[in-house]
Every structure is written in structure tokens, then in C-alpha cells.
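For reference, input10.txt is printed below; it contains compact mmCIF, C-alpha atoms.
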# COMPACT_ATOMS: atom_id res chain seq x y z
CA MET C 1357 -9.33 148.12 128.43
CA THR C 1358 -11.72 150.76 127.06
CA ILE C 1359 -10.18 153.02 124.39
CA THR C 1360 -11.72 156.49 124.28
CA PHE C 1361 -11.11 159.26 121.74
CA ILE C 1362 -12.04 162.82 122.78
CA THR C 1363 -12.00 165.85 120.50
CA GLY C 1364 -11.12 169.30 121.82
CA ALA C 1365 -9.59 167.75 124.91
CA ASN C 1366 -6.61 169.98 125.65
CA LYS C 1367 -8.64 172.20 128.04
CA GLY C 1368 -12.00 172.73 129.73
CA LEU C 1369 -14.62 170.01 129.66
CA GLY C 1370 -12.61 167.84 127.28
CA TYR C 1371 -9.54 167.92 129.50
CA GLU C 1372 -11.53 167.12 132.64
CA THR C 1373 -13.35 164.30 130.86
CA ALA C 1374 -9.99 162.88 129.80
CA ARG C 1375 -8.64 163.17 133.34
CA ARG C 1376 -11.59 161.37 134.85
CA LEU C 1377 -11.61 158.60 132.29
CA VAL C 1378 -7.86 157.99 132.64
CA ALA C 1379 -8.49 157.69 136.38
CA GLN C 1380 -11.15 155.07 135.64
CA GLY C 1381 -8.72 153.00 133.59
CA HIS C 1382 -9.57 154.11 130.05
CA THR C 1383 -6.89 154.42 127.42
CA VAL C 1384 -7.57 158.01 126.42
CA LEU C 1385 -6.66 159.45 123.04
CA LEU C 1386 -6.62 163.20 123.50
CA GLY C 1387 -7.60 165.00 120.32
CA ALA C 1388 -6.76 168.68 119.79
CA ARG C 1389 -5.88 171.13 117.02
CA ASP C 1390 -2.99 172.73 118.87
CA GLU C 1391 -0.07 170.29 118.90
CA LYS C 1392 1.83 172.06 121.68
CA ALA C 1393 -1.18 172.35 123.99
CA GLY C 1394 -2.42 168.87 123.12
CA THR C 1395 0.94 167.23 123.73
CA ALA C 1396 1.30 169.03 127.06
CA ALA C 1397 -2.20 168.07 128.19
CA ALA C 1398 -1.73 164.43 127.20
CA GLY C 1399 1.56 164.31 129.08
CA GLU C 1400 -0.08 165.70 132.22
CA LEU C 1401 -2.91 163.19 132.09
CA GLY C 1402 -1.21 160.01 130.90
CA ALA C 1403 -3.11 160.09 127.62
CA ARG C 1404 -1.89 159.92 124.01
CA PHE C 1405 -2.13 163.04 121.90
CA VAL C 1406 -3.69 162.78 118.43
CA ALA C 1407 -3.77 165.87 116.24
CA ILE C 1408 -7.23 166.65 114.86
CA ASP C 1409 -8.93 169.73 113.44
CA VAL C 1410 -12.60 168.79 113.13
CA THR C 1411 -13.15 171.43 110.44
CA ASP C 1412 -10.62 169.82 108.12
CA ASP C 1413 -11.45 166.58 106.29
CA ALA C 1414 -7.81 165.68 105.77
CA SER C 1415 -6.96 166.26 109.44
CA VAL C 1416 -9.87 164.11 110.60
CA ALA C 1417 -8.92 161.33 108.18
CA ALA C 1418 -5.30 161.51 109.37
CA ALA C 1419 -6.43 161.24 113.00
CA ALA C 1420 -8.49 158.15 112.26
CA ALA C 1421 -5.56 156.64 110.35
CA ASP C 1422 -3.26 157.36 113.30
CA VAL C 1423 -5.60 155.53 115.67
CA GLU C 1424 -5.94 152.69 113.16
CA ARG C 1425 -2.16 152.26 113.18
CA HIS C 1426 -1.66 152.50 116.93
CA GLU C 1427 -4.78 151.13 118.65
CA GLY C 1428 -6.68 149.52 115.77
CA ALA C 1429 -10.09 150.32 117.29
CA ILE C 1430 -11.90 152.56 119.76
CA ASP C 1431 -14.76 151.86 122.14
CA VAL C 1432 -15.93 155.40 122.86
CA LEU C 1433 -15.96 158.55 120.73
CA ILE C 1434 -16.65 161.80 122.58
CA ASN C 1435 -17.42 164.66 120.21
CA ASN C 1436 -16.52 167.51 122.54
CA ALA C 1437 -14.84 170.13 120.32
CA GLY C 1438 -16.95 173.27 120.12
CA VAL C 1439 -16.90 177.03 119.67
CA HIS C 1440 -19.22 179.71 120.98
CA GLY C 1441 -19.51 182.33 118.26
CA PRO C 1442 -21.02 185.82 118.60
CA ALA C 1443 -23.17 186.57 121.63
CA GLY C 1444 -25.86 189.19 122.15
CA ASP C 1445 -27.93 191.09 119.60
CA PRO C 1446 -28.00 189.12 116.33
CA SER C 1447 -28.67 192.18 114.14
CA ALA C 1448 -25.16 192.23 112.72
CA LEU C 1449 -24.70 188.48 112.32
CA THR C 1450 -23.23 187.36 109.01
CA GLY C 1451 -23.48 184.11 107.14
CA ALA C 1452 -19.79 183.58 107.83
CA ASP C 1453 -20.43 183.88 111.58
CA VAL C 1454 -23.05 181.17 111.40
CA LEU C 1455 -21.15 178.84 109.10
CA GLY C 1456 -18.02 179.10 111.23
CA VAL C 1457 -19.82 177.85 114.34
CA LEU C 1458 -21.80 175.16 112.53
CA ASP C 1459 -18.60 173.92 110.87
CA VAL C 1460 -17.17 173.03 114.28
CA ASN C 1461 -20.22 172.19 116.37
CA VAL C 1462 -22.24 170.24 113.81
CA ALA C 1463 -20.27 169.46 110.65
CA GLY C 1464 -17.23 168.69 112.80
CA VAL C 1465 -19.20 166.02 114.63
CA VAL C 1466 -20.32 164.54 111.32
CA ARG C 1467 -16.78 164.47 109.92
CA THR C 1468 -15.35 162.85 113.03
CA THR C 1469 -18.17 160.33 113.43
CA THR C 1470 -17.96 159.21 109.82
CA ALA C 1471 -14.19 158.79 109.98
CA PHE C 1472 -14.23 156.85 113.26
CA LEU C 1473 -17.23 154.58 112.62
CA PRO C 1474 -15.09 151.74 111.21
CA LEU C 1475 -12.93 151.84 114.35
CA LEU C 1476 -15.97 151.95 116.64
CA ARG C 1477 -17.52 148.96 114.92
CA ARG C 1478 -14.58 146.82 116.03
CA SER C 1479 -15.68 147.31 119.64
CA ALA C 1480 -17.97 144.93 121.53
CA ASP C 1481 -19.82 147.95 122.97
CA PRO C 1482 -19.34 151.01 120.76
CA VAL C 1483 -20.45 154.36 122.18
CA ILE C 1484 -20.69 157.91 120.86
CA VAL C 1485 -21.24 160.85 123.21
CA ASN C 1486 -22.03 164.21 121.62
CA VAL C 1487 -21.49 167.16 123.95
CA SER C 1488 -24.56 169.29 123.34
CA SER C 1489 -26.28 171.83 125.60
CA ALA C 1490 -29.65 172.79 127.03
CA MET C 1491 -28.89 176.15 125.41
CA GLY C 1492 -30.34 174.45 122.33
CA SER C 1493 -33.58 173.49 124.11
CA LEU C 1494 -36.77 175.45 123.47
CA GLU C 1495 -38.04 174.61 126.94
CA ALA C 1496 -34.87 175.67 128.77
CA THR C 1497 -34.39 178.89 126.83
CA HIS C 1498 -38.02 179.93 127.47
CA ASP C 1499 -38.06 179.11 131.19
CA PRO C 1500 -37.25 182.22 133.29
CA ALA C 1501 -36.06 179.97 136.09
CA ARG C 1502 -33.31 178.53 133.88
CA PRO C 1503 -30.02 180.36 133.24
CA GLU C 1504 -30.29 179.37 129.57
CA SER C 1505 -33.20 181.81 129.17
CA HIS C 1506 -31.16 184.85 130.23
CA TYR C 1507 -28.32 184.69 127.74
CA LEU C 1508 -28.27 185.50 124.03
CA ALA C 1509 -26.03 183.25 121.96
CA PRO C 1510 -27.94 182.91 118.68
CA VAL C 1511 -25.52 180.79 116.70
CA TYR C 1512 -24.30 178.61 119.56
CA THR C 1513 -27.84 177.78 120.64
CA ALA C 1514 -28.87 176.95 117.07
CA SER C 1515 -25.83 174.71 116.66
CA LYS C 1516 -26.60 172.78 119.83
CA ALA C 1517 -30.25 172.33 118.86
CA ALA C 1518 -28.98 170.91 115.57
CA LEU C 1519 -26.49 168.64 117.33
CA THR C 1520 -29.08 167.16 119.67
CA MET C 1521 -31.40 166.42 116.74
CA LEU C 1522 -28.48 165.01 114.76
CA THR C 1523 -27.79 162.68 117.68
CA THR C 1524 -31.33 161.30 117.59
CA GLN C 1525 -31.10 160.69 113.85
CA TYR C 1526 -27.80 158.83 114.17
CA ALA C 1527 -29.25 156.76 117.00
CA LYS C 1528 -32.20 155.72 114.86
CA ALA C 1529 -30.01 154.82 111.91
CA LEU C 1530 -26.99 153.23 113.60
CA THR C 1531 -28.63 150.70 115.85
CA ASP C 1532 -25.35 148.84 116.44
CA ILE C 1533 -23.88 151.82 118.31
CA ARG C 1534 -25.15 153.57 121.46
CA ILE C 1535 -25.31 157.28 120.61
CA ASN C 1536 -26.39 159.93 123.09
CA ALA C 1537 -26.11 163.66 123.75
CA ALA C 1538 -24.89 165.19 127.01
CA ASP C 1539 -25.79 168.56 128.51
CA PRO C 1540 -22.90 169.67 130.75
CA GLY C 1541 -24.96 172.50 132.27
CA TYR C 1542 -23.72 176.02 132.90
CA THR C 1543 -20.09 175.28 133.67
CA ALA C 1544 -17.16 177.63 134.19
CA THR C 1545 -14.97 177.26 131.08
CA ASP C 1546 -13.13 179.48 128.60
CA LEU C 1547 -16.19 179.23 126.37
CA ASN C 1548 -18.19 181.49 128.71
CA GLY C 1549 -15.40 183.48 130.32
CA ASN C 1550 -15.46 181.09 133.31
CA SER C 1551 -18.82 182.56 134.35
CA GLY C 1552 -20.71 179.32 134.96
CA PRO C 1553 -21.58 178.29 138.53
CA GLN C 1554 -20.63 174.63 138.00
CA THR C 1555 -17.10 173.26 138.22
CA VAL C 1556 -15.68 171.39 135.24
CA THR C 1557 -15.99 168.20 137.26
CA GLU C 1558 -19.71 168.78 137.72
CA GLY C 1559 -19.95 169.74 134.05
CA THR C 1560 -18.46 166.44 132.94
CA ASP C 1561 -20.71 164.22 135.06
CA ALA C 1562 -23.14 163.53 132.20
CA VAL C 1563 -20.38 162.95 129.64
CA VAL C 1564 -18.45 160.58 131.88
CA GLY C 1565 -21.66 158.81 132.87
CA LEU C 1566 -22.59 158.12 129.25
CA ALA C 1567 -19.04 157.02 128.42
CA THR C 1568 -18.92 154.49 131.27
CA GLU C 1569 -22.48 153.22 131.75
CA GLY C 1570 -21.90 149.93 129.93
CA PRO C 1571 -24.09 147.74 127.69
CA GLY C 1572 -27.86 147.64 127.93
CA HIS C 1573 -28.60 151.34 128.09
CA GLY C 1574 -30.64 153.25 125.56
CA SER C 1575 -29.60 155.25 122.53
CA GLY C 1576 -30.87 158.62 121.32
CA ARG C 1577 -31.08 160.11 124.81
CA PHE C 1578 -30.35 163.62 126.05
CA VAL C 1579 -28.75 163.44 129.51
CA ASP C 1580 -27.58 165.96 132.10
CA ARG C 1581 -25.85 165.31 135.42
CA ASP C 1582 -29.21 164.54 137.08
CA GLY C 1583 -30.34 162.01 134.49
CA GLU C 1584 -32.29 161.80 131.24
CA ILE C 1585 -34.07 164.96 130.12
CA THR C 1586 -36.57 165.77 127.41
CA TRP C 1587 -35.87 168.12 124.55
CA PRO C 1588 -39.04 169.89 123.40
Spit out the file's structure as C-alpha cells when you get a sec.
Amino acid sequence: MTITFITGANKGLGYETARRLVAQGHTVLLGARDEKAGTAAAGELGARFVAIDVTDDASVAAAAADVERHEGAIDVLINNAGVHGPAGDPSALTGADVLGVLDVNVAGVVRTTTAFLPLLRRSADPVIVNVSSAMGSLEATHDPARPESHYLAPVYTASKAALTMLTTQYAKALTDIRINAADPGYTATDLNGNSGPQTVTEGTDAVVGLATEGPGHGSGRFVDRDGEITWP
């Protein structure tokens, strides 16, 4: 049975990803900062709650140790936890604004990946899925036909550009693990005030697809619900 750990999974895309993977027979470890919300979500889905704050080294280490004790290994790591940060005119942005978003969306992925690599390497087919966004794509944010070009989110977009590039670097270096980035698309979640035209099910198509595609697929890809995309 495939064992999958998902960060930020008590709501939104993470919750829906957990729901769909449980339905497909995965043993899902539902990671979240909020113990009450995480425990409730795990109970609703038939998953196991694991406390994790991706901005805290000790919390991430404790989460990995918890999984080590209970499951002993994982097959799939889904780095889903993310924050939006300030939107609109960047004139008043502060360094703290930027660092706060990068700490979750980029450094949080690094912390979690590093801590869980030993557990992934016990799998016959280890997989990492990083939930990125076309909001970090130069092409998408300059194309008037794309919704990404009509919204100002300076720190979020920068963080997702960094995460997609980070994914390609990990894929080059860690050739024993399949590592890819997913673009959910403009999906209605708390992150955007539920303004996106896609449902959370549509928004998790790429994530679930990468988590379940099986051996023999490529690493270092950027994928949306319609397939592999470029990232100029």
C-alpha cells in the first residue's frame, strides 16, 4: 500500500488531495500545523494526523520521527503547505513580508524534503510532488489571455518561481527519486478568497496525477491538469 505524506492538508487543495488519495487506497498521513483542525480533517477522511509546522526545524524533525516510528517509510511526499502574502502594489513591501512567504513556500519545502528523504529512500518508487503555480511563470504572467497576468501577488509569484526552479535542481541531483512540480491552476480556495473558477477537485488533478502515475515517468517536470507544461 502506498504511504503518502501531505503538508498543509487540513483544508483546501491539501484536504482534497488527501481525500482523493485515500479513495484510491493510499495510506495518507495528513500534515498540518493546527492540531485541532488536522485531527478533525484526518478523522473525516480516514487519514492519520501528523503535526508539522514547515517553518520550524524541530517540528519538521518531530514529524519525520513520528512517521519513522509508526510507518517506517513513505512512498510519496506532497509539499503542499503554502501562504499567499501581500497582494497588489508592492511599494510598501517589507523584507519581513518577503521572508515570511519564502519561509513557508520555499524554505519549508527544503526543510520537509531533507527530513523525509531517508524515509522516501526506503520506498521502491519514491516520489516528491511540489505544489507550485503558473503564477510563478514568466510566460503565464505576461500573457493577457491568462488569469495569472491580471493579478498582482509579488511575493507569492516570486516564491512559486523559486519553488519550480528548486524542483528542477532537486530532480537533477536526486536521480533515485521522481521529483516534479504541479500547477493546480486558478482554483477556489481560502488562499484567494475562493475566487478561482476551478473546483478543488479540478485543482488537485495534477497533484493526484503525479502522486499516482507509477514508475517510468520523468523527473523535473512542471505539470498542470492538462499535462506537462514549459516554464520559460
Set the distance at 10 Å and use all atoms listed in the file: which residues neighbour C:Gly1576 once local chain neighbours fewer than 2 positions away are removed? I'd like the list as an MDAnalysis selection string.
chainID C and resid 1520:1528 1531 1534:1537 1574 1578:1579
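For C:Leu1386, the set of protein, DNA and RNA residues having any atom at most 8 Å away, when counting all atoms listed in the file and skipping those fewer than 2 positions along the same chain, is C:Phe1361, C:Ile1362, C:Thr1363, C:Gly1364, C:Ala1365, C:Asn1366, C:Ala1374, C:Val1384, C:Ala1388, C:Gly1394, C:Ala1398, C:Ala1403, C:Arg1404, C:Phe1405, C:Val1406.
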Name all residues at most 6 Å from C:His1382 (count only C-alpha atoms; drop same-chain ones fewer than 4 positions away) and give them as JSON, numbers by chain.
{"C": [1358, 1359, 1377, 1378]}
If you count all atoms listed in the file, which residues fall within 12 Å of C:Ala1496, apart from same-chain ones fewer than 4 positions away, as a PyMOL selection string?
chain C and resi 1489-1492+1500-1507+1513+1517+1539+1541-1542+1585-1588
Can you tell me which residues surround C:Gly1565 at a distance of at most 10 Å, considering only C-alpha atoms, apart from same-chain residues fewer than 5 positions away, and format the answer as a list in words?
Val1485, Ala1538, Thr1560, Gly1570, Val1579, Asp1580, Arg1581 and Gly1583 of chain C
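The smallest atom-to-atom distance between C:Asp1532 and any of C:Leu1494, C:Ala1518, C:Ile1484, C:Ala1562, using only C-alpha atoms, is found for C:Ile1484.
Interatomic distance, atom CA of C:Glu1391 against atom CA of C:Ala1419: 12.5 Å.
Across the structure, atom CA of C:Ala1437 and atom CA of C:Val1465 are spaced 8.3 Å apart.
Using only C-alpha atoms for every distance, the candidate list C:Ile1408, C:Val1511, C:Ala1420, C:Val1483 yields C:Val1511 as the residue closest to C:Leu1449.
Comparing C:Ser1488, C:Thr1411, C:Thr1469, C:Thr1557 by their smallest distance to C:Leu1455, the closest is C:Thr1411 (using only C-alpha atoms).
Taking atom CA of C:Ala1471 as the reference point, atom CA of C:Asp1390 is found at 20.0 Å.
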Emit as AutoDock Vina command-line options the padded axis-aligned box for all listed atoms of stretch 1484-1494 of chain C, 3 Å per side, with centre and edge lengths in Å to one decimal.
--center_x -28.7 --center_y 167.0 --center_z 123.9 --size_x 22.1 --size_y 24.2 --size_z 12.2
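In terms of minimum interatomic distance to C:Thr1555, C:Glu1372 ranks closest within C:Arg1577, C:Asp1499, C:Thr1360, C:Glu1372, counting all atoms listed in the file.
When only C-alpha atoms are used to measure the gap to C:Ala1429, the shortest distance among C:Thr1383, C:Asn1486, C:Ser1447, C:Thr1497 belongs to C:Thr1383.
Proximity to C:His1440 was assessed for C:Val1556, C:Met1357, C:Ala1407, C:Ala1509 counting all atoms listed in the file; the smallest distance is recorded for C:Ala1509.
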